[in-house]
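A.B. asks: What follows is protein_25.pdb, PDB, C-alpha atoms, pLDDT in the B column.
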```pdb
ATOM      1  CA  MET A1306     -13.470 -32.266 -17.320  1.00 85.00           C
ATOM      2  CA  ARG A1307     -12.330 -30.430 -14.178  1.00 88.00           C
ATOM      3  CA  ALA A1308     -11.606 -33.658 -12.290  1.00 92.00           C
ATOM      4  CA  LYS A1309      -9.492 -34.980 -15.156  1.00 93.00           C
ATOM      5  CA  VAL A1310      -7.510 -31.718 -15.449  1.00 94.00           C
ATOM      6  CA  GLU A1311      -6.947 -31.625 -11.661  1.00 95.00           C
ATOM      7  CA  LYS A1312      -5.643 -35.211 -11.784  1.00 96.00           C
ATOM      8  CA  LEU A1313      -3.284 -34.423 -14.688  1.00 96.00           C
ATOM      9  CA  VAL A1314      -1.965 -31.273 -12.995  1.00 96.00           C
ATOM     10  CA  ASP A1315      -1.421 -33.182  -9.759  1.00 96.00           C
ATOM     11  CA  GLU A1316       0.463 -35.960 -11.590  1.00 96.00           C
ATOM     12  CA  ALA A1317       2.647 -33.422 -13.427  1.00 96.00           C
ATOM     13  CA  ILE A1318       3.480 -31.539 -10.232  1.00 96.00           C
ATOM     14  CA  GLN A1319       4.317 -34.750  -8.359  1.00 96.00           C
ATOM     15  CA  GLU A1320       7.085 -35.396 -10.896  1.00 96.00           C
ATOM     16  CA  ASN A1321       8.970 -32.416  -9.391  1.00 96.00           C
ATOM     17  CA  PRO A1322       8.498 -32.128  -5.592  1.00 94.00           C
ATOM     18  CA  LYS A1323       9.792 -28.533  -5.618  1.00 95.00           C
ATOM     19  CA  LEU A1324       6.659 -27.427  -7.516  1.00 96.00           C
ATOM     20  CA  PHE A1325       3.213 -26.681  -6.113  1.00 96.00           C
ATOM     21  CA  LEU A1326      -0.133 -25.519  -7.489  1.00 96.00           C
ATOM     22  CA  ILE A1327      -1.166 -21.919  -6.904  1.00 96.00           C
ATOM     23  CA  ASP A1328      -4.385 -21.820  -8.919  1.00 96.00           C
ATOM     24  CA  LEU A1329      -6.408 -23.804 -11.442  1.00 97.00           C
ATOM     25  CA  LYS A1330      -9.272 -22.157 -13.310  1.00 97.00           C
ATOM     26  CA  ILE A1331     -11.481 -23.560 -16.023  1.00 96.00           C
ATOM     27  CA  SER A1332     -13.894 -21.115 -17.622  1.00 96.00           C
ATOM     28  CA  PRO A1333     -17.301 -22.131 -19.011  1.00 95.00           C
ATOM     29  CA  ASP A1334     -15.813 -22.049 -22.551  1.00 94.00           C
ATOM     30  CA  ASN A1335     -13.028 -24.464 -21.464  1.00 94.00           C
ATOM     31  CA  ARG A1336     -10.151 -22.027 -21.102  1.00 96.00           C
ATOM     32  CA  ILE A1337      -7.823 -23.809 -18.707  1.00 97.00           C
ATOM     33  CA  ASN A1338      -5.457 -21.604 -16.708  1.00 97.00           C
ATOM     34  CA  VAL A1339      -2.907 -23.306 -14.437  1.00 97.00           C
ATOM     35  CA  ILE A1340      -0.561 -21.299 -12.203  1.00 97.00           C
ATOM     36  CA  VAL A1341       2.297 -23.180 -10.561  1.00 97.00           C
ATOM     37  CA  ASP A1342       5.171 -22.027  -8.404  1.00 96.00           C
ATOM     38  CA  GLY A1343       8.239 -23.679  -6.984  1.00 95.00           C
ATOM     39  CA  ASP A1344      10.493 -23.475  -3.969  1.00 92.00           C
ATOM     40  CA  GLU A1345      13.165 -22.131  -6.335  1.00 90.00           C
ATOM     41  CA  GLY A1346      10.830 -20.603  -8.922  1.00 90.00           C
ATOM     42  CA  VAL A1347       9.469 -22.225 -12.081  1.00 94.00           C
ATOM     43  CA  SER A1348      11.324 -22.551 -15.354  1.00 95.00           C
ATOM     44  CA  ILE A1349       9.700 -22.235 -18.758  1.00 96.00           C
ATOM     45  CA  LYS A1350      10.771 -25.832 -19.349  1.00 97.00           C
ATOM     46  CA  GLU A1351       8.647 -26.946 -16.365  1.00 97.00           C
ATOM     47  CA  CYS A1352       5.627 -24.957 -17.599  1.00 97.00           C
ATOM     48  CA  ILE A1353       5.978 -26.620 -21.017  1.00 97.00           C
ATOM     49  CA  ARG A1354       6.293 -30.077 -19.413  1.00 97.00           C
ATOM     50  CA  ILE A1355       3.115 -29.547 -17.355  1.00 97.00           C
ATOM     51  CA  SER A1356       1.275 -28.112 -20.362  1.00 97.00           C
ATOM     52  CA  ARG A1357       2.179 -31.115 -22.519  1.00 96.00           C
ATOM     53  CA  LYS A1358       1.135 -33.542 -19.778  1.00 96.00           C
ATOM     54  CA  ILE A1359      -2.312 -31.946 -19.695  1.00 96.00           C
ATOM     55  CA  GLU A1360      -2.710 -31.348 -23.434  1.00 95.00           C
ATOM     56  CA  HIS A1361      -1.594 -34.829 -24.509  1.00 94.00           C
ATOM     57  CA  ASN A1362      -4.100 -36.457 -22.158  1.00 94.00           C
ATOM     58  CA  LEU A1363      -7.168 -34.450 -23.137  1.00 92.00           C
ATOM     59  CA  ASP A1364      -9.085 -35.159 -26.327  1.00 88.00           C
ATOM     60  CA  ARG A1365      -9.757 -32.054 -28.440  1.00 84.00           C
ATOM     61  CA  GLU A1366     -12.148 -34.113 -30.555  1.00 85.00           C
ATOM     62  CA  THR A1367     -14.390 -34.559 -27.507  1.00 86.00           C
ATOM     63  CA  THR A1368     -14.008 -31.100 -25.974  1.00 86.00           C
ATOM     64  CA  ASP A1369     -12.301 -28.073 -27.491  1.00 91.00           C
ATOM     65  CA  PHE A1370     -10.151 -26.169 -24.993  1.00 94.00           C
ATOM     66  CA  SER A1371      -7.363 -23.645 -24.658  1.00 95.00           C
ATOM     67  CA  LEU A1372      -4.582 -24.121 -22.146  1.00 96.00           C
ATOM     68  CA  GLU A1373      -2.191 -21.757 -20.385  1.00 97.00           C
ATOM     69  CA  VAL A1374       0.356 -22.897 -17.801  1.00 97.00           C
ATOM     70  CA  SER A1375       2.368 -20.157 -16.095  1.00 96.00           C
ATOM     71  CA  SER A1376       4.082 -19.061 -12.924  1.00 94.00           C
ATOM     72  CA  PRO A1377       2.707 -16.206 -10.823  1.00 93.00           C
ATOM     73  CA  GLY A1378       3.712 -12.743 -11.959  1.00 88.00           C
ATOM     74  CA  LEU A1379       6.290 -10.725 -10.031  1.00 85.00           C
ATOM     75  CA  SER A1380       3.661  -8.291  -8.828  1.00 87.00           C
ATOM     76  CA  GLU A1381       1.228 -10.986  -7.681  1.00 92.00           C
ATOM     77  CA  PRO A1382       0.709 -11.404  -3.936  1.00 95.00           C
ATOM     78  CA  ILE A1383       2.022 -14.452  -2.104  1.00 95.00           C
ATOM     79  CA  VAL A1384      -0.903 -16.856  -1.718  1.00 94.00           C
ATOM     80  CA  ASN A1385       0.821 -20.039  -0.547  1.00 94.00           C
ATOM     81  CA  ASN A1386       3.105 -20.114   2.499  1.00 94.00           C
ATOM     82  CA  ARG A1387       5.640 -22.154   0.507  1.00 94.00           C
ATOM     83  CA  GLN A1388       6.194 -19.073  -1.672  1.00 95.00           C
ATOM     84  CA  PHE A1389       7.984 -17.359   1.197  1.00 95.00           C
ATOM     85  CA  ASN A1390      10.874 -19.868   0.810  1.00 92.00           C
ATOM     86  CA  LYS A1391      12.046 -18.525  -2.531  1.00 92.00           C
ATOM     87  CA  ASN A1392      11.750 -14.952  -1.282  1.00 94.00           C
ATOM     88  CA  LEU A1393      14.007 -15.313   1.754  1.00 95.00           C
ATOM     89  CA  GLY A1394      16.281 -12.264   1.884  1.00 95.00           C
ATOM     90  CA  LYS A1395      14.022 -10.160  -0.344  1.00 95.00           C
ATOM     91  CA  THR A1396      12.084  -7.080   0.721  1.00 97.00           C
ATOM     92  CA  LEU A1397       8.377  -7.706   1.278  1.00 97.00           C
ATOM     93  CA  LYS A1398       5.394  -5.454   1.796  1.00 97.00           C
ATOM     94  CA  VAL A1399       3.121  -7.195   4.285  1.00 97.00           C
ATOM     95  CA  LYS A1400      -0.337  -6.113   5.374  1.00 97.00           C
ATOM     96  CA  THR A1401      -1.885  -7.598   8.516  1.00 95.00           C
ATOM     97  CA  LYS A1402      -5.287  -6.974  10.037  1.00 90.00           C
ATOM     98  CA  THR A1403      -3.835  -4.130  12.139  1.00 93.00           C
ATOM     99  CA  ASP A1404      -0.576  -2.917  10.521  1.00 95.00           C
ATOM    100  CA  LYS A1405       1.553  -2.604   7.401  1.00 97.00           C
ATOM    101  CA  PHE A1406       5.198  -3.648   7.310  1.00 97.00           C
ATOM    102  CA  GLU A1407       7.980  -3.369   4.784  1.00 97.00           C
ATOM    103  CA  GLY A1408      11.167  -5.239   5.446  1.00 97.00           C
ATOM    104  CA  LYS A1409      13.632  -7.929   4.502  1.00 97.00           C
ATOM    105  CA  LEU A1410      12.307 -11.484   4.905  1.00 98.00           C
ATOM    106  CA  LEU A1411      14.770 -12.675   7.513  1.00 97.00           C
ATOM    107  CA  GLU A1412      13.293 -15.976   8.667  1.00 96.00           C
ATOM    108  CA  ILE A1413      10.551 -18.492   7.872  1.00 96.00           C
ATOM    109  CA  ASN A1414       9.211 -21.052  10.317  1.00 94.00           C
ATOM    110  CA  ASP A1415       6.204 -23.337  10.728  1.00 93.00           C
ATOM    111  CA  THR A1416       3.964 -20.626  12.159  1.00 95.00           C
ATOM    112  CA  GLY A1417       5.044 -17.442  10.390  1.00 96.00           C
ATOM    113  CA  ILE A1418       7.762 -15.116   9.148  1.00 97.00           C
ATOM    114  CA  VAL A1419      10.220 -12.599  10.579  1.00 98.00           C
ATOM    115  CA  LEU A1420      10.789  -9.248   8.854  1.00 98.00           C
ATOM    116  CA  GLU A1421      13.662  -6.845   9.522  1.00 97.00           C
ATOM    117  CA  TRP A1422      13.978  -3.184   8.566  1.00 96.00           C
ATOM    118  CA  LYS A1423      15.908  -0.048   9.548  1.00 95.00           C
ATOM    119  CA  VAL A1424      14.399   3.234  10.742  1.00 93.00           C
ATOM    120  CA  ARG A1425      15.818   6.586  11.748  1.00 93.00           C
ATOM    121  CA  GLU A1426      14.776   7.591  15.269  1.00 92.00           C
ATOM    122  CA  PRO A1427      15.670  10.504  17.537  1.00 91.00           C
ATOM    123  CA  LYS A1428      18.649   9.833  19.792  1.00 89.00           C
ATOM    124  CA  PRO A1429      17.670   8.938  23.381  1.00 87.00           C
ATOM    125  CA  ILE A1430      19.980  11.723  24.608  1.00 87.00           C
ATOM    126  CA  GLY A1431      20.955  14.801  22.628  1.00 86.00           C
ATOM    127  CA  LYS A1432      20.057  16.043  19.184  1.00 89.00           C
ATOM    128  CA  GLY A1433      20.044  14.122  15.937  1.00 90.00           C
ATOM    129  CA  LYS A1434      18.921  10.705  14.841  1.00 93.00           C
ATOM    130  CA  ILE A1435      20.294   7.173  14.891  1.00 93.00           C
ATOM    131  CA  THR A1436      19.540   4.182  12.705  1.00 94.00           C
ATOM    132  CA  VAL A1437      17.734   1.405  14.570  1.00 94.00           C
ATOM    133  CA  VAL A1438      17.135  -2.139  13.306  1.00 95.00           C
ATOM    134  CA  LYS A1439      13.642  -3.436  14.047  1.00 96.00           C
ATOM    135  CA  THR A1440      12.062  -6.845  13.553  1.00 96.00           C
ATOM    136  CA  ALA A1441       8.523  -8.173  13.540  1.00 96.00           C
ATOM    137  CA  THR A1442       7.368 -11.761  13.862  1.00 96.00           C
ATOM    138  CA  LEU A1443       4.150 -12.237  11.893  1.00 97.00           C
ATOM    139  CA  GLU A1444       1.942 -15.310  12.155  1.00 96.00           C
ATOM    140  CA  TYR A1445       0.665 -16.692   8.827  1.00 96.00           C
ATOM    141  CA  GLU A1446      -2.941 -16.338  10.047  1.00 95.00           C
ATOM    142  CA  SER A1447      -2.497 -12.594  10.631  1.00 95.00           C
ATOM    143  CA  ILE A1448      -1.106 -11.878   7.153  1.00 97.00           C
ATOM    144  CA  GLU A1449      -3.792 -10.510   4.843  1.00 96.00           C
ATOM    145  CA  GLN A1450      -1.457  -9.782   1.924  1.00 97.00           C
ATOM    146  CA  ALA A1451       2.247 -10.124   1.210  1.00 97.00           C
ATOM    147  CA  LYS A1452       4.030  -8.936  -1.930  1.00 96.00           C
ATOM    148  CA  VAL A1453       7.645  -8.825  -2.971  1.00 96.00           C
ATOM    149  CA  LYS A1454       8.823  -5.240  -3.394  1.00 94.00           C
ATOM    150  CA  LEU A1455      10.334  -4.876  -6.840  1.00 89.00           C
ATOM    151  CA  LYS A1456      13.629  -3.008  -7.084  1.00 82.00           C
ATOM    152  CA  PHE A1457      14.959  -1.568 -10.324  1.00 80.00           C
TER     153      PHE A1457
END
```
Would you kindly transcribe this structure into structure tokens?
C.D. replies:
Amino acid sequence: MRAKVEKLVDEAIQENPKLFLIDLKISPDNRINVIVDGDEGVSIKECIRISRKIEHNLDRETTDFSLEVSSPGLSEPIVNNRQFNKNLGKTLKVKTKTDKFEGKLLEINDTGIVLEWKVREPKPIGKGKITVVKTATLEYESIEQAKVKLKF
């Protein structure tokens, strides 16, 4: 069953090149959970289209199953480097093996990301503080977890 579901999900995603698979789980009692994301997010319409593609090509008479197709939640960590694309300009919390960063996603390239943030630091001469803009270039391999910081 898993091979057939994987094939159907792959076919459905190929119909829209902006989409990509985040996760596919099938429990022992045939609960199918598909999580997809897109370079510009995922609409409900796309989730329905993928769900129908899978459901209409599986036989409930042979194997009973439940199916859920969704996009990752807002609080879920980024697990695929392509997810950074839709979050360009947003504030991220990023944890590496050695540090934690929080800053605006300024740039994305083939090897990693660039974050920018502002900090208040003591003036080099005299009393008081000044605002300084800092950046960090983080390689994908060094990122242990990245999440979008939600603002209300």
A.B. asks: Padding 3 Å on each side, edges along x, y and z: where is the centre of the box around the listed atoms of segment 1395-1406 of chain A, and how long are its edges in Å to one decimal? Output it as JSON.
C.D. replies:
```
{"center_x": 4.4, "center_y": -6.4, "center_z": 5.9, "size_x": 25.3, "size_y": 13.6, "size_z": 18.5}
```
A.B. asks: Could you tell me how far atom CA of Ser1332 of chain A lies from atom CA of Thr1367 of chain A, in Å and to one decimal?
C.D. replies: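 Taking atom CA of Ser1332 of chain A and atom CA of Thr1367 of chain A, their separation equals 16.7 Å.
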A.B. asks: Given the choices A:Leu1324, A:Ile1359, A:Ile1331, A:Ile1337, which gets closest to Arg1387 of chain A if the distance is worked out from only C-alpha atoms?
C.D. replies: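 Closest to Arg1387 of chain A of all the choices is A:Leu1324.
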A.B. asks: If you apply the PyMOL selection byres ((chain A and resi 1413) around 12) to this file, what residues do you get, as an MDAnalysis selection string?
C.D. replies: chainID A and resid 1386:1394 1409:1412 1414:1420 1441:1445
A.B. asks: Hey, can you check how far atom CA of Glu1426 of chain A sits from atom CA of Asp1404 of chain A?
C.D. replies: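 Distance between the two atoms: 19.2 Å.
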A.B. asks: Atom CA of Val1314 of chain A to atom CA of Leu1379 of chain A: how many Å, to one decimal?
C.D. replies: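 It comes out at 22.3 Å.
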